[in-house]
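J.: This structure is in structure tokens; I'll ask about it shortly.
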Amino acid sequence: MSGPTASPQVIVVGAGPVGLTCALVLARGGVSVTVLEAGPDLAAESRASTFHPPSLEMLADLGVLDGLLELGITSTTFQYRDRRTGPIAELDLGVLSEDTPFPFRVQCEQSKLTPILLAALRELPGTQVVFGQQVTDVSDLDERPVVRTASGETFTADWVVGADGASSAVRKATGAQFEGITYPERFLVVSTREDLEAALPGIAAVNYVFDPEEWLVLLRTPEHWRILFPTDPASADALETDPVRVQERLRGVADLGRDWDLLHASLYNVHQRVADRFRTGHVVLVGDAAHVNNPLGGMGMNSGLHDAVLSGWSLADLIGGTASLEDLDAVLAARREVATSYVKAVTHDNWERLRESDEAARIAYHDQLRALAADTSSSRDYLLRTSMIDSLRERTP
Ligand SMILES: Cc1cc2nc3c(=O)[nH]c(=O)nc-3n(C[C@H](O)[C@H](O)[C@H](O)COP(=O)(O)OP(=O)(O)OC[C@H]3O[C@@H](n4cnc5c(N)ncnc54)[C@H](O)[C@@H]3O)c2cc1C
């Protein structure tokens, strides 16, 4: 069987937040785009829920920010806490008011952004989003890639963008290696309808809680709270997600005198991996297909959105004849550099800090956080880094 007769200029594989953003950028750049998505519809899973200022700026440029702001929670501060002693420091993103028009984070699930992106994409001519097409292979990478799907159909285009997530079939077809590590412990994510602000007065919408035995991340989303726990690498999945065990761990966060109202609990493996190249012939990798990291700092989806916008514009310029292949490669090299020396470095450091077992090192770090929260210039420098503004200022060609 063959695909549509009028081939698009670009096929984007994957209708996650990154693939849809890239498709929107390409379509706004006058490029015809087809998105192939394996699922029957957009994914509804609760995953990333933090949007950093540069991502908000990019979404505003694409005309899709208002919809997200209506659905999300604007959070101007975040907190560091110690599990045993309570609050350490609260950082105020307001100090970035001269650096960004959006000096705050938006807390909102990625599954609320994707329908907004899809609706915006469908308004543009030359775009098509096809659900139920699981890509199994890509061949003829150097000239005019041919994309095959599980249904037996083939699609061709001048370029293919692999935005098909961490297990990317597109990445595998290019032969790129996905180098890095898998953390020994799986992370447990629990969603609850409980009001954590009532249970832990004074917490912010985003809280990183240090503890050598059981660190936590407490995140508010519009409808519920999410709690992230580490788990024992040696214990079985069934034990870690057993409702009795989950309730026991939640009681350790706050004893409500009864069971917590649980919405969902799931375990997942966490990796730090970066593809050894982001372009092979006429195939480009973006988002989780190109790099994955731990969720501590909320940088996975955000850096993927930055890939989508920067690589998407560069590819649109190349197709439109106003940029060269060298220009695209410079952008992709910069995105790979951000993934390795910035996102990977910051998120791994966050993991080390949260679980620090050396008491002197822990106390010294807490003092450092208190000092920077008390000083506008230091907190601005720190927030430029943790809000990912530096990663774009320093690394965009
Ligand atoms: C529990 C959890 C919490 C997280 N929290 C955060 C956070 O707070 N902040 C943050 O920035 N990041 C976070 N992340 C990471 C974030 O979810 C990912 O970085 C983000 O989803 C990447 O988007 P993507 O579009 O590249 O990939 P995905 O969201 O994985 O989308 C890939 C799409 O491709 C489709 N697809 C897959 N294979 C194929 C195929 N062969 N053919 C066609 N389609 C295919 C999938 O169905 C999916 O729709 C978290 C992740 C998890 C698991």
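Letters A, B, ... go to the chains of the structure tokens in the order shown; residues in each chain start at 1; ligands are counted from 1 in the same order.
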Residues near Asp307 of chain A, anyone? I mean within 9 Å using only C-alpha atoms, not counting same-chain ones fewer than 4 positions away, as a list of chain:residue names.
T.: A:Val18, A:Cys22, A:Leu285, A:Val286, A:Gly287, A:Asn302, A:Ser303, A:Ser311, A:Gly312, A:Val331, A:Leu332, A:Arg335
J.: Could you give me the residues within 7 Å of ligand 1, counting only C-alpha atoms and all ligand atoms, as a PDB file with N, CA and C atoms, in the first residue's frame?
T.:
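Full text of out_26.pdb as output:
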ATOM      1  N   VAL A  13       7.075  12.350  13.315  1.00  0.00           N
ATOM      2  CA  VAL A  13       6.587  11.108  13.921  1.00  0.00           C
ATOM      3  C   VAL A  13       6.375  11.354  15.411  1.00  0.00           C
ATOM      4  N   GLY A  14       5.120  11.245  15.867  1.00  0.00           N
ATOM      5  CA  GLY A  14       4.788  11.439  17.278  1.00  0.00           C
ATOM      6  C   GLY A  14       4.034  12.727  17.512  1.00  0.00           C
ATOM      7  N   ALA A  15       2.823  12.586  18.083  1.00  0.00           N
ATOM      8  CA  ALA A  15       2.003  13.769  18.394  1.00  0.00           C
ATOM      9  C   ALA A  15       2.018  14.052  19.890  1.00  0.00           C
ATOM     10  N   GLY A  16       3.208  13.994  20.486  1.00  0.00           N
ATOM     11  CA  GLY A  16       3.379  14.440  21.872  1.00  0.00           C
ATOM     12  C   GLY A  16       3.566  15.953  21.864  1.00  0.00           C
ATOM     13  N   PRO A  17       3.879  16.552  23.017  1.00  0.00           N
ATOM     14  CA  PRO A  17       4.053  18.002  23.050  1.00  0.00           C
ATOM     15  C   PRO A  17       5.154  18.489  22.112  1.00  0.00           C
ATOM     16  N   VAL A  18       6.215  17.690  21.970  1.00  0.00           N
ATOM     17  CA  VAL A  18       7.349  18.132  21.154  1.00  0.00           C
ATOM     18  C   VAL A  18       7.032  18.004  19.664  1.00  0.00           C
ATOM     19  N   GLY A  19       6.469  16.866  19.262  1.00  0.00           N
ATOM     20  CA  GLY A  19       6.149  16.669  17.842  1.00  0.00           C
ATOM     21  C   GLY A  19       5.133  17.690  17.359  1.00  0.00           C
ATOM     22  N   LEU A  36       2.458  11.683  12.093  1.00  0.00           N
ATOM     23  CA  LEU A  36       1.997  10.296  12.239  1.00  0.00           C
ATOM     24  C   LEU A  36       2.065   9.925  13.715  1.00  0.00           C
ATOM     25  N   GLU A  37       0.957   9.533  14.288  1.00  0.00           N
ATOM     26  CA  GLU A  37       0.898   9.211  15.717  1.00  0.00           C
ATOM     27  C   GLU A  37       0.396   7.770  15.879  1.00  0.00           C
ATOM     28  N   ALA A  38       1.118   7.014  16.716  1.00  0.00           N
ATOM     29  CA  ALA A  38       0.762   5.608  16.923  1.00  0.00           C
ATOM     30  C   ALA A  38      -0.578   5.444  17.635  1.00  0.00           C
ATOM     31  N   GLY A  39      -0.831   6.294  18.615  1.00  0.00           N
ATOM     32  CA  GLY A  39      -2.042   6.141  19.428  1.00  0.00           C
ATOM     33  C   GLY A  39      -3.309   6.488  18.657  1.00  0.00           C
ATOM     34  N   LEU A  42      -4.656  11.662  21.227  1.00  0.00           N
ATOM     35  CA  LEU A  42      -3.552  12.244  22.000  1.00  0.00           C
ATOM     36  C   LEU A  42      -3.425  11.509  23.334  1.00  0.00           C
ATOM     37  N   ALA A  43      -2.190  11.377  23.830  1.00  0.00           N
ATOM     38  CA  ALA A  43      -1.974  10.688  25.113  1.00  0.00           C
ATOM     39  C   ALA A  43      -2.598  11.498  26.244  1.00  0.00           C
ATOM     40  N   SER A  46      -0.636  11.552  32.740  1.00  0.00           N
ATOM     41  CA  SER A  46      -0.155  12.697  33.511  1.00  0.00           C
ATOM     42  C   SER A  46       1.359  12.598  33.613  1.00  0.00           C
ATOM     43  N   ARG A  47       2.081  13.437  32.898  1.00  0.00           N
ATOM     44  CA  ARG A  47       3.552  13.362  32.955  1.00  0.00           C
ATOM     45  C   ARG A  47       4.116  14.730  33.327  1.00  0.00           C
ATOM     46  N   ALA A  48       4.769  15.414  32.376  1.00  0.00           N
ATOM     47  CA  ALA A  48       5.353  16.707  32.734  1.00  0.00           C
ATOM     48  C   ALA A  48       4.250  17.667  33.164  1.00  0.00           C
ATOM     49  N   SER A  49       4.581  18.503  34.157  1.00  0.00           N
ATOM     50  CA  SER A  49       3.550  19.441  34.614  1.00  0.00           C
ATOM     51  C   SER A  49       4.111  20.823  34.917  1.00  0.00           C
ATOM     52  N   THR A  50       5.384  21.038  34.601  1.00  0.00           N
ATOM     53  CA  THR A  50       5.980  22.350  34.866  1.00  0.00           C
ATOM     54  C   THR A  50       6.445  22.983  33.551  1.00  0.00           C
ATOM     55  N   PHE A  51       6.006  24.210  33.311  1.00  0.00           N
ATOM     56  CA  PHE A  51       6.469  24.955  32.139  1.00  0.00           C
ATOM     57  C   PHE A  51       7.337  26.106  32.618  1.00  0.00           C
ATOM     58  N   GLN A 133      -1.138   5.334  13.417  1.00  0.00           N
ATOM     59  CA  GLN A 133      -0.058   4.975  12.482  1.00  0.00           C
ATOM     60  C   GLN A 133       1.238   4.826  13.269  1.00  0.00           C
ATOM     61  N   GLN A 134       1.521   3.593  13.654  1.00  0.00           N
ATOM     62  CA  GLN A 134       2.758   3.353  14.405  1.00  0.00           C
ATOM     63  C   GLN A 134       3.922   3.141  13.442  1.00  0.00           C
ATOM     64  N   VAL A 135       4.864   4.036  13.487  1.00  0.00           N
ATOM     65  CA  VAL A 135       6.015   3.940  12.590  1.00  0.00           C
ATOM     66  C   VAL A 135       6.901   2.783  13.038  1.00  0.00           C
ATOM     67  N   THR A 136       7.270   1.938  12.070  1.00  0.00           N
ATOM     68  CA  THR A 136       8.112   0.788  12.412  1.00  0.00           C
ATOM     69  C   THR A 136       9.518   0.927  11.827  1.00  0.00           C
ATOM     70  N   ALA A 163       9.936  12.515  16.707  1.00  0.00           N
ATOM     71  CA  ALA A 163       9.505  13.073  18.007  1.00  0.00           C
ATOM     72  C   ALA A 163       8.677  11.997  18.694  1.00  0.00           C
ATOM     73  N   ASP A 164       9.147  10.747  18.536  1.00  0.00           N
ATOM     74  CA  ASP A 164       8.346   9.617  19.011  1.00  0.00           C
ATOM     75  C   ASP A 164       8.822   9.081  20.357  1.00  0.00           C
ATOM     76  N   GLY A 165       9.303   9.958  21.198  1.00  0.00           N
ATOM     77  CA  GLY A 165       9.542   9.622  22.596  1.00  0.00           C
ATOM     78  C   GLY A 165      10.771   8.755  22.841  1.00  0.00           C
ATOM     79  N   ALA A 166      10.915   8.363  24.122  1.00  0.00           N
ATOM     80  CA  ALA A 166      12.152   7.728  24.580  1.00  0.00           C
ATOM     81  C   ALA A 166      12.491   6.431  23.841  1.00  0.00           C
ATOM     82  N   SER A 167      11.482   5.656  23.437  1.00  0.00           N
ATOM     83  CA  SER A 167      11.781   4.389  22.739  1.00  0.00           C
ATOM     84  C   SER A 167      11.769   4.574  21.234  1.00  0.00           C
ATOM     85  N   SER A 168      11.986   5.770  20.781  1.00  0.00           N
ATOM     86  CA  SER A 168      11.881   6.175  19.369  1.00  0.00           C
ATOM     87  C   SER A 168      12.274   5.120  18.324  1.00  0.00           C
ATOM     88  N   ALA A 169      11.286   4.758  17.495  1.00  0.00           N
ATOM     89  CA  ALA A 169      11.568   3.863  16.366  1.00  0.00           C
ATOM     90  C   ALA A 169      12.389   4.607  15.319  1.00  0.00           C
ATOM     91  N   VAL A 189       5.290   7.813  41.326  1.00  0.00           N
ATOM     92  CA  VAL A 189       4.512   9.066  41.230  1.00  0.00           C
ATOM     93  C   VAL A 189       3.113   8.779  41.741  1.00  0.00           C
ATOM     94  N   TYR A 268       8.073   4.248  37.532  1.00  0.00           N
ATOM     95  CA  TYR A 268       8.732   4.239  36.234  1.00  0.00           C
ATOM     96  C   TYR A 268      10.250   4.301  36.352  1.00  0.00           C
ATOM     97  N   VAL A 286      14.208  15.054  17.934  1.00  0.00           N
ATOM     98  CA  VAL A 286      13.884  16.110  18.918  1.00  0.00           C
ATOM     99  C   VAL A 286      13.210  15.486  20.146  1.00  0.00           C
ATOM    100  N   GLY A 287      13.250  16.219  21.258  1.00  0.00           N
ATOM    101  CA  GLY A 287      12.541  15.793  22.474  1.00  0.00           C
ATOM    102  C   GLY A 287      13.094  14.494  23.035  1.00  0.00           C
ATOM    103  N   ASP A 288      12.202  13.697  23.659  1.00  0.00           N
ATOM    104  CA  ASP A 288      12.645  12.461  24.304  1.00  0.00           C
ATOM    105  C   ASP A 288      13.267  11.475  23.323  1.00  0.00           C
ATOM    106  N   ALA A 289      12.962  11.593  22.052  1.00  0.00           N
ATOM    107  CA  ALA A 289      13.597  10.708  21.067  1.00  0.00           C
ATOM    108  C   ALA A 289      15.104  10.981  21.016  1.00  0.00           C
ATOM    109  N   VAL A 292      16.781  11.890  27.153  1.00  0.00           N
ATOM    110  CA  VAL A 292      15.890  11.743  28.308  1.00  0.00           C
ATOM    111  C   VAL A 292      16.687  12.021  29.571  1.00  0.00           C
ATOM    112  N   PRO A 295      13.313  13.588  36.140  1.00  0.00           N
ATOM    113  CA  PRO A 295      12.350  14.698  36.149  1.00  0.00           C
ATOM    114  C   PRO A 295      12.622  15.768  37.211  1.00  0.00           C
ATOM    115  N   GLY A 297      13.598  18.906  38.433  1.00  0.00           N
ATOM    116  CA  GLY A 297      13.910  20.220  37.844  1.00  0.00           C
ATOM    117  C   GLY A 297      12.961  20.507  36.692  1.00  0.00           C
ATOM    118  N   GLY A 298      12.221  19.494  36.259  1.00  0.00           N
ATOM    119  CA  GLY A 298      11.197  19.694  35.216  1.00  0.00           C
ATOM    120  C   GLY A 298      11.772  20.166  33.900  1.00  0.00           C
ATOM    121  N   MET A 299      12.790  19.469  33.399  1.00  0.00           N
ATOM    122  CA  MET A 299      13.474  19.966  32.195  1.00  0.00           C
ATOM    123  C   MET A 299      13.254  19.115  30.950  1.00  0.00           C
ATOM    124  N   GLY A 300      12.675  17.925  31.085  1.00  0.00           N
ATOM    125  CA  GLY A 300      12.554  17.023  29.940  1.00  0.00           C
ATOM    126  C   GLY A 300      11.672  17.603  28.846  1.00  0.00           C
ATOM    127  N   MET A 301      10.418  17.835  29.183  1.00  0.00           N
ATOM    128  CA  MET A 301       9.507  18.371  28.169  1.00  0.00           C
ATOM    129  C   MET A 301       9.947  19.768  27.739  1.00  0.00           C
ATOM    130  N   ASN A 302      10.398  20.566  28.718  1.00  0.00           N
ATOM    131  CA  ASN A 302      10.791  21.945  28.379  1.00  0.00           C
ATOM    132  C   ASN A 302      11.932  21.965  27.368  1.00  0.00           C
ATOM    133  N   SER A 303      12.968  21.155  27.599  1.00  0.00           N
ATOM    134  CA  SER A 303      14.071  21.179  26.636  1.00  0.00           C
ATOM    135  C   SER A 303      13.612  20.608  25.304  1.00  0.00           C
ATOM    136  N   GLY A 304      12.660  19.661  25.346  1.00  0.00           N
ATOM    137  CA  GLY A 304      12.105  19.135  24.093  1.00  0.00           C
ATOM    138  C   GLY A 304      11.350  20.214  23.326  1.00  0.00           C
TER     139      GLY A 304
END
J.: Fewer than 5 positions away in the same chain doesn't count, so skip those; otherwise give me all residues within 8 Å of Ala339 of chain A, counting only C-alpha atoms, as a PDB file with C-alpha atoms, in the first residue's frame.
T.:
ATOM      1  CA  VAL A 274      21.484  11.453  24.893  1.00  0.00           C
ATOM      2  CA  HIS A 291      17.456  12.852  25.032  1.00  0.00           C
ATOM      3  CA  SER A 303      14.071  21.179  26.636  1.00  0.00           C
ATOM      4  CA  LYS A 344      21.761  16.225  32.236  1.00  0.00           C
TER       5      LYS A 344
END
J.: Of the candidates A:Ile11, A:Arg245, A:Pro212, A:Leu384, which one gets nearest to Arg148 of chain A if we count only C-alpha atoms?
T.: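 Smallest separation from Arg148 of chain A among the options: A:Ile11.
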J.: Among the residues of segment 41-75 of chain A, find those DSSP assigns to strand (DSSP E) from the backbone and print them as a PyMOL selection string.
T.: chain A and resi 50-51+73-75
J.: Keeping only N, CA and C atoms, write those residues as an mmCIF file, in the first residue's frame.
T.:
data_model
loop_
_atom_site.group_PDB
_atom_site.id
_atom_site.type_symbol
_atom_site.label_atom_id
_atom_site.label_comp_id
_atom_site.auth_asym_id
_atom_site.auth_seq_id
_atom_site.Cartn_x
_atom_site.Cartn_y
_atom_site.Cartn_z
ATOM 1 N N THR A 50 5.384 21.038 34.601
ATOM 2 C CA THR A 50 5.980 22.350 34.866
ATOM 3 C C THR A 50 6.445 22.983 33.551
ATOM 4 N N PHE A 51 6.006 24.210 33.311
ATOM 5 C CA PHE A 51 6.469 24.955 32.139
ATOM 6 C C PHE A 51 7.337 26.106 32.618
ATOM 7 N N ILE A 73 -1.823 26.706 36.580
ATOM 8 C CA ILE A 73 -1.632 27.530 37.788
ATOM 9 C C ILE A 73 -0.322 28.288 37.606
ATOM 10 N N THR A 74 -0.376 29.589 37.831
ATOM 11 C CA THR A 74 0.843 30.385 37.738
ATOM 12 C C THR A 74 1.539 30.363 39.098
ATOM 13 N N SER A 75 2.812 29.987 39.081
ATOM 14 C CA SER A 75 3.515 29.851 40.355
ATOM 15 C C SER A 75 4.788 30.700 40.322
#
J.: Can you tell me, as a list in words, what residues are no more than 10 Å from Ser387 of chain A when counting only C-alpha atoms, ignoring any on the same chain fewer than 2 positions away?
T.: Phe51, His52, Pro53, Pro54, Ser55, Leu93, Leu96, Pro103, Phe104, Arg105, Gly297, Gly298, Met299, Asn302, Tyr382, Leu383, Leu384, Arg385, Ile389, Asp390 and Ser391 of chain A
J.: Kindly indicate which residue among A:Glu214, A:Asp375, A:Tyr80, A:Asp381 lies nearest to Asp99 of chain A, using only C-alpha atoms for the distances.
T.: A:Asp381
J.: Could you pull out the residues in segment 206-359 of chain A that DSSP calls alpha helix (DSSP H) from the backbone, as a tab-separated table (two decimals) with N, CA and C atoms, in the first residue's frame?
T.:
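And here's result-v6.tsv as it stands now:
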chain	number	residue	atom	x	y	z
A	237	ASP	N	7.92	-4.41	41.90
A	237	ASP	CA	6.95	-3.38	41.48
A	237	ASP	C	5.65	-3.49	42.28
A	238	ALA	N	5.18	-4.74	42.42
A	238	ALA	CA	3.87	-4.95	43.07
A	238	ALA	C	3.90	-4.43	44.50
A	239	LEU	N	5.06	-4.56	45.16
A	239	LEU	CA	5.15	-4.09	46.55
A	239	LEU	C	5.13	-2.55	46.57
A	240	GLU	N	5.89	-1.93	45.68
A	240	GLU	CA	5.98	-0.47	45.69
A	240	GLU	C	4.65	0.21	45.36
A	243	PRO	N	-1.36	-0.60	47.52
A	243	PRO	CA	-2.04	0.53	48.17
A	243	PRO	C	-1.70	0.68	49.66
A	244	VAL	N	-1.48	-0.45	50.34
A	244	VAL	CA	-1.16	-0.35	51.77
A	244	VAL	C	0.21	0.32	51.95
A	245	ARG	N	1.15	-0.11	51.11
A	245	ARG	CA	2.51	0.47	51.18
A	245	ARG	C	2.48	1.96	50.77
A	246	VAL	N	1.70	2.28	49.73
A	246	VAL	CA	1.63	3.67	49.27
A	246	VAL	C	1.03	4.54	50.39
A	247	GLN	N	-0.03	4.04	51.04
A	247	GLN	CA	-0.64	4.82	52.13
A	247	GLN	C	0.35	5.04	53.28
A	248	GLU	N	1.18	4.02	53.53
A	248	GLU	CA	2.18	4.13	54.60
A	248	GLU	C	3.18	5.25	54.27
A	249	ARG	N	3.58	5.29	52.99
A	249	ARG	CA	4.54	6.33	52.59
A	249	ARG	C	3.89	7.71	52.65
A	250	LEU	N	2.62	7.79	52.27
A	250	LEU	CA	1.93	9.08	52.31
A	250	LEU	C	1.74	9.56	53.75
A	251	ARG	N	1.52	8.61	54.66
A	251	ARG	CA	1.39	8.98	56.08
A	251	ARG	C	2.68	9.62	56.57
A	252	GLY	N	3.80	9.17	55.98
A	252	GLY	CA	5.10	9.77	56.33
A	252	GLY	C	5.24	11.19	55.82
A	253	VAL	N	4.49	11.53	54.78
A	253	VAL	CA	4.52	12.91	54.26
A	253	VAL	C	3.66	13.80	55.16
A	300	GLY	N	12.67	17.92	31.09
A	300	GLY	CA	12.55	17.02	29.94
A	300	GLY	C	11.67	17.60	28.85
A	301	MET	N	10.42	17.84	29.18
A	301	MET	CA	9.51	18.37	28.17
A	301	MET	C	9.95	19.77	27.74
A	302	ASN	N	10.40	20.57	28.72
A	302	ASN	CA	10.79	21.94	28.38
A	302	ASN	C	11.93	21.97	27.37
A	303	SER	N	12.97	21.16	27.60
A	303	SER	CA	14.07	21.18	26.64
A	303	SER	C	13.61	20.61	25.30
A	304	GLY	N	12.66	19.66	25.35
A	304	GLY	CA	12.10	19.14	24.09
A	304	GLY	C	11.35	20.21	23.33
A	305	LEU	N	10.62	21.05	24.04
A	305	LEU	CA	9.91	22.15	23.37
A	305	LEU	C	10.92	23.12	22.73
A	306	HIS	N	12.03	23.34	23.44
A	306	HIS	CA	13.05	24.25	22.89
A	306	HIS	C	13.68	23.63	21.63
A	307	ASP	N	13.92	22.30	21.67
A	307	ASP	CA	14.41	21.61	20.44
A	307	ASP	C	13.42	21.83	19.31
A	308	ALA	N	12.13	21.62	19.63
A	308	ALA	CA	11.09	21.65	18.59
A	308	ALA	C	11.07	23.01	17.91
A	309	VAL	N	11.16	24.07	18.71
A	309	VAL	CA	11.06	25.42	18.14
A	309	VAL	C	12.34	25.77	17.37
A	310	LEU	N	13.49	25.53	17.99
A	310	LEU	CA	14.74	25.96	17.34
A	310	LEU	C	15.07	25.09	16.12
A	311	SER	N	14.92	23.77	16.28
A	311	SER	CA	15.21	22.88	15.14
A	311	SER	C	14.14	23.07	14.06
A	312	GLY	N	12.89	23.26	14.50
A	312	GLY	CA	11.79	23.43	13.54
A	312	GLY	C	11.98	24.67	12.67
A	313	TRP	N	12.34	25.81	13.30
A	313	TRP	CA	12.55	27.03	12.50
A	313	TRP	C	13.73	26.85	11.57
A	314	SER	N	14.79	26.21	12.06
A	314	SER	CA	15.99	26.05	11.23
A	314	SER	C	15.67	25.16	10.02
A	315	LEU	N	14.90	24.10	10.26
A	315	LEU	CA	14.53	23.21	9.15
A	315	LEU	C	13.60	23.93	8.17
A	316	ALA	N	12.68	24.73	8.69
A	316	ALA	CA	11.78	25.50	7.80
A	316	ALA	C	12.61	26.45	6.93
A	317	ASP	N	13.62	27.09	7.54
A	317	ASP	CA	14.48	28.02	6.77
A	317	ASP	C	15.27	27.26	5.71
A	318	LEU	N	15.75	26.08	6.07
A	318	LEU	CA	16.51	25.28	5.11
A	318	LEU	C	15.60	24.89	3.93
A	319	ILE	N	14.42	24.43	4.24
A	319	ILE	CA	13.49	24.03	3.17
A	319	ILE	C	13.09	25.26	2.33
A	320	GLY	N	12.95	26.40	3.00
A	320	GLY	CA	12.58	27.63	2.29
A	320	GLY	C	13.74	28.28	1.55
A	325	LEU	N	22.41	23.65	5.31
A	325	LEU	CA	22.49	22.46	6.14
A	325	LEU	C	23.43	22.71	7.32
A	326	GLU	N	24.47	23.51	7.08
A	326	GLU	CA	25.42	23.83	8.17
A	326	GLU	C	24.70	24.60	9.28
A	327	ASP	N	23.76	25.48	8.88
A	327	ASP	CA	23.01	26.24	9.90
A	327	ASP	C	22.18	25.28	10.75
A	328	LEU	N	21.52	24.33	10.08
A	328	LEU	CA	20.70	23.36	10.83
A	328	LEU	C	21.61	22.55	11.76
A	329	ASP	N	22.75	22.12	11.24
A	329	ASP	CA	23.65	21.32	12.08
A	329	ASP	C	24.16	22.11	13.29
A	330	ALA	N	24.35	23.42	13.10
A	330	ALA	CA	24.82	24.24	14.23
A	330	ALA	C	23.74	24.27	15.32
A	331	VAL	N	22.48	24.39	14.90
A	331	VAL	CA	21.38	24.40	15.88
A	331	VAL	C	21.31	23.04	16.59
A	332	LEU	N	21.40	21.96	15.81
A	332	LEU	CA	21.29	20.62	16.40
A	332	LEU	C	22.46	20.33	17.33
A	333	ALA	N	23.64	20.82	16.96
A	333	ALA	CA	24.81	20.61	17.83
A	333	ALA	C	24.60	21.37	19.15
A	334	ALA	N	24.01	22.56	19.04
A	334	ALA	CA	23.76	23.34	20.26
A	334	ALA	C	22.72	22.65	21.14
A	335	ARG	N	21.71	22.07	20.51
A	335	ARG	CA	20.67	21.37	21.30
A	335	ARG	C	21.28	20.13	21.97
A	336	ARG	N	22.20	19.47	21.30
A	336	ARG	CA	22.83	18.29	21.91
A	336	ARG	C	23.71	18.72	23.08
A	337	GLU	N	24.37	19.85	22.89
A	337	GLU	CA	25.22	20.38	23.95
A	337	GLU	C	24.37	20.75	25.19
A	338	VAL	N	23.20	21.35	24.95
A	338	VAL	CA	22.30	21.67	26.08
A	338	VAL	C	21.88	20.39	26.79
A	344	LYS	N	21.28	17.42	31.54
A	344	LYS	CA	21.76	16.22	32.24
A	344	LYS	C	22.50	16.63	33.51
A	345	ALA	N	23.35	17.66	33.39
A	345	ALA	CA	24.14	18.08	34.55
A	345	ALA	C	23.25	18.61	35.67
A	346	VAL	N	22.29	19.47	35.33
A	346	VAL	CA	21.46	20.08	36.38
A	346	VAL	C	20.55	19.03	37.04
A	347	THR	N	19.92	18.18	36.22
A	347	THR	CA	18.97	17.22	36.82
A	347	THR	C	19.69	16.16	37.63
A	348	HIS	N	20.88	15.75	37.18
A	348	HIS	CA	21.62	14.75	37.96
A	348	HIS	C	22.09	15.38	39.27
A	349	ASP	N	22.52	16.63	39.21
A	349	ASP	CA	22.94	17.34	40.41
A	349	ASP	C	21.76	17.44	41.40
A	350	ASN	N	20.56	17.72	40.87
A	350	ASN	CA	19.37	17.79	41.74
A	350	ASN	C	19.15	16.46	42.47
A	351	TRP	N	19.34	15.36	41.76
A	351	TRP	CA	19.16	14.03	42.36
A	351	TRP	C	20.18	13.82	43.48
A	352	GLU	N	21.44	14.20	43.20
A	352	GLU	CA	22.49	14.04	44.22
A	352	GLU	C	22.19	14.89	45.45
A	353	ARG	N	21.74	16.13	45.21
A	353	ARG	CA	21.48	17.05	46.33
A	353	ARG	C	20.32	16.55	47.20
A	354	LEU	N	19.25	16.10	46.54
A	354	LEU	CA	18.06	15.69	47.30
A	354	LEU	C	18.37	14.56	48.25
A	359	GLU	N	26.20	14.65	56.29
A	359	GLU	CA	25.50	15.70	57.01
A	359	GLU	C	26.15	17.08	56.82
J.: With a distance cut-off of 8 Å and only C-alpha atoms, select the neighbouring residues of segment 113-117 of chain A, excluding the residue or stretch itself and same-chain residues fewer than 2 positions from it, and output the selection as a ChimeraX atom specification.
T.: /A:15-17,20-21,24,42,64,67-68,109-111,119-121
J.: Could you take the residues named above and write them with N, CA and C atoms, as a short mmCIF file (atom, residue, chain, number, x, y, z; two decimals), in the first residue's frame?
T.:
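Heads up, here's the output in again10.cif:
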data_model
loop_
_atom_site.label_atom_id
_atom_site.label_comp_id
_atom_site.auth_asym_id
_atom_site.auth_seq_id
_atom_site.Cartn_x
_atom_site.Cartn_y
_atom_site.Cartn_z
N ALA A 15 2.82 12.59 18.08
CA ALA A 15 2.00 13.77 18.39
C ALA A 15 2.02 14.05 19.89
N GLY A 16 3.21 13.99 20.49
CA GLY A 16 3.38 14.44 21.87
C GLY A 16 3.57 15.95 21.86
N PRO A 17 3.88 16.55 23.02
CA PRO A 17 4.05 18.00 23.05
C PRO A 17 5.15 18.49 22.11
N LEU A 20 4.09 17.95 18.16
CA LEU A 20 3.06 18.90 17.73
C LEU A 20 3.62 20.33 17.69
N THR A 21 4.49 20.66 18.63
CA THR A 21 5.10 22.01 18.60
C THR A 21 5.98 22.16 17.36
N LEU A 24 3.85 22.59 14.35
CA LEU A 24 3.25 23.94 14.30
C LEU A 24 4.27 24.97 13.81
N LEU A 42 -4.66 11.66 21.23
CA LEU A 42 -3.55 12.24 22.00
C LEU A 42 -3.42 11.51 23.33
N VAL A 64 -0.22 30.07 21.31
CA VAL A 64 -0.98 29.03 22.03
C VAL A 64 -0.86 29.15 23.55
N GLY A 67 -4.34 29.71 26.01
CA GLY A 67 -5.10 28.50 26.35
C GLY A 67 -4.47 27.77 27.52
N LEU A 68 -3.12 27.71 27.54
CA LEU A 68 -2.43 27.02 28.62
C LEU A 68 -2.59 27.79 29.94
N GLU A 109 -0.57 19.98 33.34
CA GLU A 109 -0.12 18.73 32.71
C GLU A 109 0.09 18.92 31.20
N GLN A 110 1.09 18.20 30.67
CA GLN A 110 1.38 18.30 29.24
C GLN A 110 0.18 17.85 28.41
N SER A 111 -0.66 16.98 28.98
CA SER A 111 -1.83 16.48 28.24
C SER A 111 -2.88 17.58 28.04
N ALA A 119 -5.25 21.76 17.90
CA ALA A 119 -6.27 22.66 17.34
C ALA A 119 -5.61 23.77 16.51
N ALA A 120 -4.49 24.31 17.02
CA ALA A 120 -3.79 25.39 16.29
C ALA A 120 -3.23 24.85 14.97
N LEU A 121 -2.71 23.64 15.02
CA LEU A 121 -2.11 23.03 13.82
C LEU A 121 -3.18 22.79 12.76
#
J.: Which one of A:Asp61, A:Glu213, A:Asp92, A:Glu223 sits closest to Asp195 of chain A if you count only C-alpha atoms?
T.: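 Distance minimum relative to Asp195 of chain A lands on A:Glu223.
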J.: Closest to Arg193 of chain A among A:Thr241, A:Glu179, A:Asp259, A:Val35, using only C-alpha atoms?
T.: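 Ranked by minimum distance to Arg193 of chain A, first place goes to A:Asp259.
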